[in-house]
$ cat coords01.pdb   # PDB, C-alpha atoms
ATOM      1  CA  MET M   1     -18.792  22.841 -46.981  1.00  0.00           C
ATOM      2  CA  THR M   2     -17.288  23.393 -50.406  1.00  0.00           C
ATOM      3  CA  PRO M   3     -16.995  26.899 -51.905  1.00  0.00           C
ATOM      4  CA  LEU M   4     -19.386  25.864 -54.702  1.00  0.00           C
ATOM      5  CA  LYS M   5     -22.123  24.869 -52.246  1.00  0.00           C
ATOM      6  CA  ALA M   6     -21.524  28.090 -50.325  1.00  0.00           C
ATOM      7  CA  ILE M   7     -21.922  30.101 -53.547  1.00  0.00           C
ATOM      8  CA  ILE M   8     -25.203  28.326 -54.339  1.00  0.00           C
ATOM      9  CA  LEU M   9     -26.549  28.964 -50.841  1.00  0.00           C
ATOM     10  CA  GLY M  10     -25.370  32.572 -50.990  1.00  0.00           C
ATOM     11  CA  LEU M  11     -27.093  33.214 -54.314  1.00  0.00           C
ATOM     12  CA  VAL M  12     -30.311  31.576 -53.121  1.00  0.00           C
ATOM     13  CA  GLN M  13     -30.266  33.633 -49.917  1.00  0.00           C
ATOM     14  CA  GLY M  14     -29.596  36.844 -51.829  1.00  0.00           C
ATOM     15  CA  PHE M  15     -32.231  36.259 -54.498  1.00  0.00           C
ATOM     16  CA  THR M  16     -34.947  35.072 -52.131  1.00  0.00           C
ATOM     17  CA  GLU M  17     -34.388  37.583 -49.308  1.00  0.00           C
ATOM     18  CA  PHE M  18     -36.199  40.369 -51.148  1.00  0.00           C
ATOM     19  CA  LEU M  19     -38.223  38.441 -53.702  1.00  0.00           C
ATOM     20  CA  PRO M  20     -41.435  37.465 -51.877  1.00  0.00           C
ATOM     21  CA  ILE M  21     -40.755  33.717 -51.701  1.00  0.00           C
ATOM     22  CA  SER M  22     -38.995  33.259 -48.297  1.00  0.00           C
ATOM     23  CA  SER M  23     -35.220  33.000 -48.071  1.00  0.00           C
ATOM     24  CA  SER M  24     -35.259  30.936 -44.862  1.00  0.00           C
ATOM     25  CA  GLY M  25     -37.659  28.430 -46.404  1.00  0.00           C
ATOM     26  CA  HIS M  26     -35.494  27.958 -49.486  1.00  0.00           C
ATOM     27  CA  LEU M  27     -32.283  27.638 -47.447  1.00  0.00           C
ATOM     28  CA  ILE M  28     -33.823  24.909 -45.279  1.00  0.00           C
ATOM     29  CA  LEU M  29     -35.124  23.179 -48.399  1.00  0.00           C
ATOM     30  CA  LEU M  30     -31.670  23.191 -50.007  1.00  0.00           C
ATOM     31  CA  GLU M  31     -30.013  21.971 -46.818  1.00  0.00           C
ATOM     32  CA  ARG M  32     -32.440  19.043 -46.636  1.00  0.00           C
ATOM     33  CA  LEU M  33     -31.661  18.260 -50.265  1.00  0.00           C
ATOM     34  CA  GLY M  34     -28.001  17.983 -49.346  1.00  0.00           C
ATOM     35  CA  VAL M  35     -26.691  21.348 -50.560  1.00  0.00           C
ATOM     36  CA  GLY M  36     -24.609  22.358 -47.555  1.00  0.00           C
ATOM     37  CA  GLU M  37     -25.221  21.462 -43.946  1.00  0.00           C
ATOM     38  CA  VAL M  38     -27.510  23.020 -41.363  1.00  0.00           C
ATOM     39  CA  SER M  39     -25.487  25.853 -39.814  1.00  0.00           C
ATOM     40  CA  ILE M  40     -27.109  28.727 -37.944  1.00  0.00           C
ATOM     41  CA  PHE M  41     -23.832  30.651 -37.979  1.00  0.00           C
ATOM     42  CA  PHE M  42     -23.421  30.301 -41.750  1.00  0.00           C
ATOM     43  CA  ASN M  43     -27.042  31.297 -42.423  1.00  0.00           C
ATOM     44  CA  VAL M  44     -26.692  34.369 -40.202  1.00  0.00           C
ATOM     45  CA  MET M  45     -23.602  35.439 -42.112  1.00  0.00           C
ATOM     46  CA  LEU M  46     -25.491  35.035 -45.390  1.00  0.00           C
ATOM     47  CA  HIS M  47     -28.176  37.361 -44.018  1.00  0.00           C
ATOM     48  CA  LEU M  48     -25.498  39.901 -43.173  1.00  0.00           C
ATOM     49  CA  GLY M  49     -24.362  39.712 -46.795  1.00  0.00           C
ATOM     50  CA  THR M  50     -27.837  40.665 -47.994  1.00  0.00           C
ATOM     51  CA  LEU M  51     -27.957  43.392 -45.340  1.00  0.00           C
ATOM     52  CA  LEU M  52     -25.006  45.023 -47.071  1.00  0.00           C
ATOM     53  CA  SER M  53     -26.957  44.997 -50.346  1.00  0.00           C
ATOM     54  CA  VAL M  54     -29.826  46.919 -48.696  1.00  0.00           C
ATOM     55  CA  ILE M  55     -27.396  49.453 -47.297  1.00  0.00           C
ATOM     56  CA  LEU M  56     -25.794  49.900 -50.729  1.00  0.00           C
ATOM     57  CA  VAL M  57     -29.101  50.381 -52.552  1.00  0.00           C
ATOM     58  CA  PHE M  58     -30.714  52.605 -49.893  1.00  0.00           C
ATOM     59  CA  TYR M  59     -27.699  54.509 -48.589  1.00  0.00           C
ATOM     60  CA  LYS M  60     -29.247  57.881 -49.486  1.00  0.00           C
ATOM     61  CA  GLN M  61     -32.462  57.137 -47.583  1.00  0.00           C
ATOM     62  CA  ILE M  62     -30.486  55.771 -44.640  1.00  0.00           C
ATOM     63  CA  PHE M  63     -28.314  58.885 -44.531  1.00  0.00           C
ATOM     64  CA  ASN M  64     -31.441  61.061 -44.705  1.00  0.00           C
ATOM     65  CA  MET M  65     -33.028  59.195 -41.780  1.00  0.00           C
ATOM     66  CA  ILE M  66     -29.907  59.717 -39.697  1.00  0.00           C
ATOM     67  CA  LEU M  67     -29.972  63.442 -40.454  1.00  0.00           C
ATOM     68  CA  HIS M  68     -33.738  63.827 -39.991  1.00  0.00           C
ATOM     69  CA  PRO M  69     -34.908  61.097 -37.569  1.00  0.00           C
ATOM     70  CA  ILE M  70     -38.170  62.848 -36.663  1.00  0.00           C
ATOM     71  CA  LYS M  71     -39.358  63.831 -40.139  1.00  0.00           C
ATOM     72  CA  SER M  72     -38.254  60.633 -41.880  1.00  0.00           C
ATOM     73  CA  ASP M  73     -39.694  57.097 -41.797  1.00  0.00           C
ATOM     74  CA  LEU M  74     -37.309  56.134 -38.995  1.00  0.00           C
ATOM     75  CA  ARG M  75     -40.076  56.553 -36.390  1.00  0.00           C
ATOM     76  CA  TYR M  76     -42.305  54.122 -38.287  1.00  0.00           C
ATOM     77  CA  ILE M  77     -39.466  51.615 -38.633  1.00  0.00           C
ATOM     78  CA  ILE M  78     -38.910  51.749 -34.866  1.00  0.00           C
ATOM     79  CA  VAL M  79     -42.630  51.331 -34.162  1.00  0.00           C
ATOM     80  CA  ALA M  80     -42.926  48.400 -36.583  1.00  0.00           C
ATOM     81  CA  THR M  81     -39.837  46.684 -35.186  1.00  0.00           C
ATOM     82  CA  ILE M  82     -41.289  46.466 -31.653  1.00  0.00           C
ATOM     83  CA  PRO M  83     -44.148  43.989 -32.382  1.00  0.00           C
ATOM     84  CA  THR M  84     -41.836  42.083 -34.719  1.00  0.00           C
ATOM     85  CA  GLY M  85     -39.333  41.589 -31.927  1.00  0.00           C
ATOM     86  CA  ILE M  86     -41.987  40.538 -29.407  1.00  0.00           C
ATOM     87  CA  ILE M  87     -43.538  37.957 -31.750  1.00  0.00           C
ATOM     88  CA  ALA M  88     -40.142  36.617 -32.848  1.00  0.00           C
ATOM     89  CA  ILE M  89     -39.034  36.143 -29.245  1.00  0.00           C
ATOM     90  CA  LEU M  90     -42.293  34.395 -28.291  1.00  0.00           C
ATOM     91  CA  ILE M  91     -42.033  32.020 -31.249  1.00  0.00           C
ATOM     92  CA  LYS M  92     -38.404  31.187 -30.502  1.00  0.00           C
ATOM     93  CA  LEU M  93     -39.187  30.589 -26.822  1.00  0.00           C
ATOM     94  CA  TYR M  94     -42.457  28.679 -27.105  1.00  0.00           C
ATOM     95  CA  GLY M  95     -42.724  27.558 -30.729  1.00  0.00           C
ATOM     96  CA  LYS M  96     -39.322  26.180 -31.698  1.00  0.00           C
ATOM     97  CA  SER M  97     -40.999  23.258 -33.454  1.00  0.00           C
ATOM     98  CA  LEU M  98     -42.402  25.771 -35.945  1.00  0.00           C
ATOM     99  CA  LEU M  99     -38.891  26.827 -36.964  1.00  0.00           C
ATOM    100  CA  THR M 100     -37.637  23.420 -38.075  1.00  0.00           C
ATOM    101  CA  GLY M 101     -39.061  23.633 -41.598  1.00  0.00           C
ATOM    102  CA  ASP M 102     -41.548  20.809 -41.128  1.00  0.00           C
ATOM    103  CA  PHE M 103     -44.369  23.136 -42.171  1.00  0.00           C
ATOM    104  CA  LEU M 104     -42.762  24.523 -45.331  1.00  0.00           C
ATOM    105  CA  PRO M 105     -45.592  23.463 -47.695  1.00  0.00           C
ATOM    106  CA  ILE M 106     -48.215  25.191 -45.542  1.00  0.00           C
ATOM    107  CA  CYS M 107     -46.128  28.330 -45.030  1.00  0.00           C
ATOM    108  CA  PHE M 108     -45.269  28.613 -48.729  1.00  0.00           C
ATOM    109  CA  MET M 109     -48.977  28.296 -49.508  1.00  0.00           C
ATOM    110  CA  LEU M 110     -49.874  31.027 -46.990  1.00  0.00           C
ATOM    111  CA  THR M 111     -47.344  33.345 -48.634  1.00  0.00           C
ATOM    112  CA  ALA M 112     -48.789  32.549 -52.066  1.00  0.00           C
ATOM    113  CA  CYS M 113     -52.320  33.338 -50.879  1.00  0.00           C
ATOM    114  CA  MET M 114     -51.159  36.621 -49.367  1.00  0.00           C
ATOM    115  CA  LEU M 115     -49.417  37.674 -52.587  1.00  0.00           C
ATOM    116  CA  ILE M 116     -52.350  36.802 -54.843  1.00  0.00           C
ATOM    117  CA  PHE M 117     -54.949  38.267 -52.478  1.00  0.00           C
ATOM    118  CA  SER M 118     -53.088  41.588 -52.202  1.00  0.00           C
ATOM    119  CA  ASN M 119     -52.650  41.766 -55.978  1.00  0.00           C
ATOM    120  CA  ILE M 120     -56.385  41.218 -56.597  1.00  0.00           C
ATOM    121  CA  TYR M 121     -57.638  43.675 -53.995  1.00  0.00           C
ATOM    122  CA  TYR M 122     -54.924  46.324 -54.243  1.00  0.00           C
ATOM    123  CA  THR M 123     -56.117  49.866 -54.850  1.00  0.00           C
ATOM    124  CA  ASN M 124     -53.598  52.671 -54.609  1.00  0.00           C
ATOM    125  CA  GLN M 125     -55.217  55.144 -52.243  1.00  0.00           C
ATOM    126  CA  ASN M 126     -51.911  57.010 -51.798  1.00  0.00           C
ATOM    127  CA  LYS M 127     -52.143  56.532 -48.065  1.00  0.00           C
ATOM    128  CA  SER M 128     -49.102  57.557 -46.077  1.00  0.00           C
ATOM    129  CA  LEU M 129     -47.306  55.489 -43.519  1.00  0.00           C
ATOM    130  CA  SER M 130     -48.764  55.825 -40.049  1.00  0.00           C
ATOM    131  CA  TYR M 131     -48.197  54.358 -36.605  1.00  0.00           C
ATOM    132  CA  LYS M 132     -51.265  52.165 -37.073  1.00  0.00           C
ATOM    133  CA  ASN M 133     -50.248  50.547 -40.357  1.00  0.00           C
ATOM    134  CA  SER M 134     -46.623  50.348 -39.165  1.00  0.00           C
ATOM    135  CA  ILE M 135     -47.681  48.288 -36.139  1.00  0.00           C
ATOM    136  CA  LEU M 136     -49.743  45.934 -38.290  1.00  0.00           C
ATOM    137  CA  THR M 137     -46.830  45.584 -40.721  1.00  0.00           C
ATOM    138  CA  GLY M 138     -44.548  44.800 -37.797  1.00  0.00           C
ATOM    139  CA  VAL M 139     -46.929  42.075 -36.626  1.00  0.00           C
ATOM    140  CA  MET M 140     -46.905  40.475 -40.076  1.00  0.00           C
ATOM    141  CA  GLN M 141     -43.118  40.686 -40.165  1.00  0.00           C
ATOM    142  CA  GLY M 142     -43.004  38.886 -36.828  1.00  0.00           C
ATOM    143  CA  ILE M 143     -45.087  36.038 -38.232  1.00  0.00           C
ATOM    144  CA  ALA M 144     -42.578  35.831 -41.093  1.00  0.00           C
ATOM    145  CA  VAL M 145     -40.051  34.386 -38.652  1.00  0.00           C
ATOM    146  CA  LEU M 146     -41.596  31.068 -39.682  1.00  0.00           C
ATOM    147  CA  PRO M 147     -39.645  29.416 -42.541  1.00  0.00           C
ATOM    148  CA  GLY M 148     -41.685  29.601 -45.732  1.00  0.00           C
ATOM    149  CA  ILE M 149     -43.432  32.828 -44.756  1.00  0.00           C
ATOM    150  CA  SER M 150     -41.884  35.594 -46.826  1.00  0.00           C
ATOM    151  CA  ARG M 151     -40.982  38.685 -44.813  1.00  0.00           C
ATOM    152  CA  SER M 152     -41.022  40.962 -47.852  1.00  0.00           C
ATOM    153  CA  GLY M 153     -44.148  39.284 -49.235  1.00  0.00           C
ATOM    154  CA  PHE M 154     -46.135  39.655 -46.018  1.00  0.00           C
ATOM    155  CA  THR M 155     -45.051  43.221 -45.259  1.00  0.00           C
ATOM    156  CA  ILE M 156     -45.456  44.604 -48.787  1.00  0.00           C
ATOM    157  CA  SER M 157     -48.809  42.852 -49.260  1.00  0.00           C
ATOM    158  CA  THR M 158     -50.075  44.169 -45.923  1.00  0.00           C
ATOM    159  CA  LEU M 159     -49.260  47.764 -46.830  1.00  0.00           C
ATOM    160  CA  MET M 160     -50.761  47.329 -50.299  1.00  0.00           C
ATOM    161  CA  LEU M 161     -54.025  46.084 -48.780  1.00  0.00           C
ATOM    162  CA  LEU M 162     -53.983  49.130 -46.495  1.00  0.00           C
ATOM    163  CA  GLY M 163     -53.866  51.406 -49.562  1.00  0.00           C
ATOM    164  CA  VAL M 164     -50.189  52.372 -49.470  1.00  0.00           C
ATOM    165  CA  ASP M 165     -48.471  52.836 -52.851  1.00  0.00           C
ATOM    166  CA  LYS M 166     -46.589  49.688 -53.919  1.00  0.00           C
ATOM    167  CA  THR M 167     -43.254  51.440 -54.362  1.00  0.00           C
ATOM    168  CA  LYS M 168     -43.550  53.125 -50.970  1.00  0.00           C
ATOM    169  CA  ALA M 169     -44.568  49.819 -49.400  1.00  0.00           C
ATOM    170  CA  SER M 170     -41.551  48.081 -50.929  1.00  0.00           C
ATOM    171  CA  ASP M 171     -39.106  50.774 -49.803  1.00  0.00           C
ATOM    172  CA  PHE M 172     -40.469  50.573 -46.257  1.00  0.00           C
ATOM    173  CA  SER M 173     -40.284  46.765 -46.262  1.00  0.00           C
ATOM    174  CA  PHE M 174     -36.648  46.768 -47.355  1.00  0.00           C
ATOM    175  CA  MET M 175     -35.644  49.434 -44.849  1.00  0.00           C
ATOM    176  CA  LEU M 176     -37.519  47.524 -42.160  1.00  0.00           C
ATOM    177  CA  SER M 177     -35.289  44.519 -42.813  1.00  0.00           C
ATOM    178  CA  ILE M 178     -32.183  46.334 -41.547  1.00  0.00           C
ATOM    179  CA  PRO M 179     -32.866  46.334 -37.762  1.00  0.00           C
ATOM    180  CA  ILE M 180     -34.394  42.843 -37.951  1.00  0.00           C
ATOM    181  CA  ILE M 181     -31.375  41.298 -39.681  1.00  0.00           C
ATOM    182  CA  ILE M 182     -29.006  43.006 -37.226  1.00  0.00           C
ATOM    183  CA  ALA M 183     -31.041  41.914 -34.181  1.00  0.00           C
ATOM    184  CA  SER M 184     -31.368  38.376 -35.507  1.00  0.00           C
ATOM    185  CA  ALA M 185     -27.631  38.149 -36.152  1.00  0.00           C
ATOM    186  CA  ILE M 186     -26.808  39.342 -32.627  1.00  0.00           C
ATOM    187  CA  SER M 187     -29.280  36.947 -30.982  1.00  0.00           C
ATOM    188  CA  GLU M 188     -28.039  33.962 -32.975  1.00  0.00           C
ATOM    189  CA  LEU M 189     -24.325  34.695 -32.633  1.00  0.00           C
ATOM    190  CA  ILE M 190     -24.273  35.380 -28.870  1.00  0.00           C
ATOM    191  CA  PRO M 191     -24.388  31.659 -27.928  1.00  0.00           C
ATOM    192  CA  PHE M 192     -21.401  30.832 -30.166  1.00  0.00           C
ATOM    193  CA  ASN M 193     -17.949  30.375 -28.726  1.00  0.00           C
ATOM    194  CA  ILE M 194     -15.727  33.169 -29.988  1.00  0.00           C
ATOM    195  CA  ASN M 195     -13.151  30.526 -30.958  1.00  0.00           C
ATOM    196  CA  VAL M 196     -15.601  28.563 -33.111  1.00  0.00           C
ATOM    197  CA  GLN M 197     -13.886  27.007 -36.135  1.00  0.00           C
ATOM    198  CA  VAL M 198     -15.090  28.491 -39.415  1.00  0.00           C
ATOM    199  CA  GLU M 199     -14.117  27.567 -42.960  1.00  0.00           C
ATOM    200  CA  LEU M 200     -13.131  31.008 -44.172  1.00  0.00           C
ATOM    201  CA  LEU M 201     -13.223  30.485 -47.965  1.00  0.00           C
ATOM    202  CA  PRO M 202     -16.795  29.039 -48.123  1.00  0.00           C
ATOM    203  CA  LEU M 203     -17.961  31.683 -45.665  1.00  0.00           C
ATOM    204  CA  MET M 204     -16.545  34.535 -47.756  1.00  0.00           C
ATOM    205  CA  CYS M 205     -17.941  33.001 -50.975  1.00  0.00           C
ATOM    206  CA  GLY M 206     -21.387  32.678 -49.413  1.00  0.00           C
ATOM    207  CA  MET M 207     -21.437  36.252 -48.089  1.00  0.00           C
ATOM    208  CA  CYS M 208     -20.163  37.779 -51.341  1.00  0.00           C
ATOM    209  CA  PHE M 209     -22.738  35.992 -53.457  1.00  0.00           C
ATOM    210  CA  SER M 210     -25.576  36.669 -51.003  1.00  0.00           C
ATOM    211  CA  PHE M 211     -24.659  40.344 -51.354  1.00  0.00           C
ATOM    212  CA  LEU M 212     -24.637  40.067 -55.159  1.00  0.00           C
ATOM    213  CA  GLY M 213     -27.921  38.148 -55.190  1.00  0.00           C
ATOM    214  CA  GLY M 214     -29.489  40.737 -52.892  1.00  0.00           C
ATOM    215  CA  VAL M 215     -28.591  43.615 -55.218  1.00  0.00           C
ATOM    216  CA  ILE M 216     -29.968  41.743 -58.243  1.00  0.00           C
ATOM    217  CA  SER M 217     -33.187  40.669 -56.483  1.00  0.00           C
ATOM    218  CA  LEU M 218     -33.877  44.234 -55.351  1.00  0.00           C
ATOM    219  CA  SER M 219     -33.621  45.345 -58.977  1.00  0.00           C
ATOM    220  CA  LEU M 220     -35.878  42.507 -60.168  1.00  0.00           C
ATOM    221  CA  LEU M 221     -38.516  43.239 -57.536  1.00  0.00           C
ATOM    222  CA  TYR M 222     -38.710  46.889 -58.530  1.00  0.00           C
ATOM    223  CA  LYS M 223     -39.299  45.853 -62.137  1.00  0.00           C
ATOM    224  CA  THR M 224     -42.046  43.499 -60.963  1.00  0.00           C
ATOM    225  CA  ILE M 225     -43.637  46.268 -58.917  1.00  0.00           C
ATOM    226  CA  LYS M 226     -43.757  48.573 -61.932  1.00  0.00           C
ATOM    227  CA  LYS M 227     -45.457  45.846 -63.986  1.00  0.00           C
ATOM    228  CA  GLY M 228     -47.930  45.533 -61.150  1.00  0.00           C
ATOM    229  CA  SER M 229     -48.182  41.854 -60.248  1.00  0.00           C
ATOM    230  CA  PHE M 230     -46.938  39.440 -57.580  1.00  0.00           C
ATOM    231  CA  VAL M 231     -49.108  36.677 -59.015  1.00  0.00           C
ATOM    232  CA  TYR M 232     -46.146  34.959 -60.695  1.00  0.00           C
ATOM    233  CA  PHE M 233     -44.432  34.520 -57.348  1.00  0.00           C
ATOM    234  CA  GLY M 234     -47.690  33.245 -55.870  1.00  0.00           C
ATOM    235  CA  VAL M 235     -48.116  30.657 -58.621  1.00  0.00           C
ATOM    236  CA  TYR M 236     -44.521  29.495 -58.125  1.00  0.00           C
ATOM    237  CA  LEU M 237     -45.094  29.021 -54.383  1.00  0.00           C
ATOM    238  CA  ILE M 238     -48.364  27.152 -54.961  1.00  0.00           C
ATOM    239  CA  LEU M 239     -46.598  24.723 -57.316  1.00  0.00           C
ATOM    240  CA  LEU M 240     -43.718  24.345 -54.862  1.00  0.00           C
ATOM    241  CA  SER M 241     -46.153  23.683 -52.016  1.00  0.00           C
ATOM    242  CA  PHE M 242     -47.895  20.874 -53.883  1.00  0.00           C
ATOM    243  CA  ILE M 243     -44.562  19.307 -54.851  1.00  0.00           C
ATOM    244  CA  LEU M 244     -43.409  19.383 -51.233  1.00  0.00           C
ATOM    245  CA  LEU M 245     -46.681  17.904 -49.966  1.00  0.00           C
ATOM    246  CA  PHE M 246     -45.950  14.766 -51.974  1.00  0.00           C
ATOM    247  CA  PHE M 247     -42.150  14.551 -51.787  1.00  0.00           C
ATOM    248  CA  TYR M 248     -41.002  16.530 -48.701  1.00  0.00           C
TER
END

$ encode --input "coords01.pdb" --output "structure tokens"
Amino acid sequence: MTPLKAIILGLVQGFTEFLPISSSGHLILLERLGVGEVSIFFNVMLHLGTLLSVILVFYKQIFNMILHPIKSDLRYIIVATIPTGIIAILIKLYGKSLLTGDFLPICFMLTACMLIFSNIYYTNQNKSLSYKNSILTGVMQGIAVLPGISRSGFTISTLMLLGVDKTKASDFSFMLSIPIIIASAISELIPFNINVQVELLPLMCGMCFSFLGGVISLSLLYKTIKKGSFVYFGVYLILLSFILLFFY
């Protein structure tokens, strides 16, 4: 892989990880279009790059959770992560065919419907996070293992439909990504031989730009939240779905 292709993949991963349009779906799409080759190891490292962007942006909240694990949202993150892990494991064990990217048009369309539906029916009831809505959010995050289903889109939309403030829902969604990215990286990297040959320059380029893209996309999403609409992302995914139905 050339450094240029690695930079493109890194930027796409970073931008799409937090924008509600599915990073895994876009990476698979690019790989099938010839931008880079299919590499689980490389994709995992890109995810770790975006993980660093979350840690940078939310370091104060993370530090607060470490200091006050009982009073903070850490308990809800733990509760939400459990159903996510169970669903992800079941899909990887019994539904590997769903992870190949063959269903990208359908999954992109489902994400679009979720974004538009939550935008239409959202009413800010100022509800707090609870164990109940955390579990449901965790279930939706588990479903987002499927390429084309946006993790951030499904989790934020779910909390919005449950009456949680959009900003609070977004913060929780981003924080919820931390244990999932770490767990996913560990599970994917365990099978690799420790002496696996890696092209260092493309790998570093990809990680650096996935980190940069993650920071920028977090900023863009917060601006979108303040304006109050995910419809634009939904329309984009609908158009992309129809294009893929004819040409994918």

$ atom_distance --input "coords01.pdb" --atom1 "CA of Leu48 (chain M)" --atom2 "CA of Ser157 (chain M)"
24.3 Å

$ resolve_selection --input "coords01.pdb" --expression "the PyMOL selection byres ((chain M and resi 78-82) around 8)" --output "ChimeraX atom specification"
/M:74-77,83-86,131,134-139,176,179-180

$ write_last_selection --input "coords01.pdb" --atoms "C-alpha atoms" --output "mmCIF file, in the frame of the given file"
data_model
loop_
_atom_site.group_PDB
_atom_site.id
_atom_site.type_symbol
_atom_site.label_atom_id
_atom_site.label_comp_id
_atom_site.auth_asym_id
_atom_site.auth_seq_id
_atom_site.Cartn_x
_atom_site.Cartn_y
_atom_site.Cartn_z
ATOM 1 C CA LEU M 74 -37.309 56.134 -38.995
ATOM 2 C CA ARG M 75 -40.076 56.553 -36.390
ATOM 3 C CA TYR M 76 -42.305 54.122 -38.287
ATOM 4 C CA ILE M 77 -39.466 51.615 -38.633
ATOM 5 C CA PRO M 83 -44.148 43.989 -32.382
ATOM 6 C CA THR M 84 -41.836 42.083 -34.719
ATOM 7 C CA GLY M 85 -39.333 41.589 -31.927
ATOM 8 C CA ILE M 86 -41.987 40.538 -29.407
ATOM 9 C CA TYR M 131 -48.197 54.358 -36.605
ATOM 10 C CA SER M 134 -46.623 50.348 -39.165
ATOM 11 C CA ILE M 135 -47.681 48.288 -36.139
ATOM 12 C CA LEU M 136 -49.743 45.934 -38.290
ATOM 13 C CA THR M 137 -46.830 45.584 -40.721
ATOM 14 C CA GLY M 138 -44.548 44.800 -37.797
ATOM 15 C CA VAL M 139 -46.929 42.075 -36.626
ATOM 16 C CA LEU M 176 -37.519 47.524 -42.160
ATOM 17 C CA PRO M 179 -32.866 46.334 -37.762
ATOM 18 C CA ILE M 180 -34.394 42.843 -37.951
#

$ residues_around --input "coords01.pdb" --residues "region 113-125 of chain M" --least-positions-apart "5" --cutoff "7 Å" --atoms "only C-alpha atoms" --output "list in words"
Gly153, Phe154, Ser157, Met160, Leu161, Gly163, Val164, Asp165, Ser229, Phe230, Val231 and Gly234 of chain M

$ closest_residue --input "coords01.pdb" --among "M:Gly25, M:Leu33, M:Phe63, M:Leu221" --to "Lys5 (chain M)" --atoms "all atoms listed in the file"
M:Leu33

$ closest_residue --input "coords01.pdb" --among "M:Leu159, M:Ile143, M:Ile186, M:Leu4" --to "Val44 (chain M)" --atoms "all atoms listed in the file"
M:Ile186

$ resolve_selection --input "coords01.pdb" --expression "the PyMOL selection byres ((chain M and resi 240-245) around 7)" --output "MDAnalysis selection string"
chainID M and resid 105:106 108:109 236:239 246:248

$ resolve_selection --input "coords01.pdb" --expression "the PyMOL selection byres ((chain M and resi 6) around 8)" --output "PyMOL selection string"
chain M and resi 1-5+7-10+36+202-203+205-206

$ atom_distance --input "coords01.pdb" --atom1 "CA of Thr16 (chain M)" --atom2 "CA of Leu98 (chain M)"
20.1 Å

$ closest_residue --input "coords01.pdb" --among "M:Phe41, M:Phe209, M:Phe233, M:Phe18" --to "Met175 (chain M)" --atoms "all atoms listed in the file"
M:Phe18

$ atom_distance --input "coords01.pdb" --atom1 "CA of Cys107 (chain M)" --atom2 "CA of Ile21 (chain M)"
10.1 Å

$ closest_residue --input "coords01.pdb" --among "M:Gly49, M:Pro69, M:Gly214, M:Gly142" --to "Leu90 (chain M)" --atoms "all atoms listed in the file"
M:Gly142

$ closest_residue --input "coords01.pdb" --among "M:Ile40, M:Pro20, M:Met45, M:Leu30" --to "Met204 (chain M)" --atoms "all atoms listed in the file"
M:Met45

$ residues_near_point --input "coords01.pdb" --point "(-41.5, 28.8, -34.8)" --cutoff "10 Å" --atoms "only C-alpha atoms" --output "list in words"
Ile87, Ala88, Ile89, Leu90, Ile91, Lys92, Leu93, Tyr94, Gly95, Lys96, Ser97, Leu98, Leu99, Thr100, Gly101, Phe103, Ile143, Ala144, Val145, Leu146 and Pro147 of chain M

$ closest_residue --input "coords01.pdb" --among "M:Leu189, M:Leu11, M:Val35, M:Ile181" --to "Leu51 (chain M)" --atoms "all atoms listed in the file"
M:Ile181
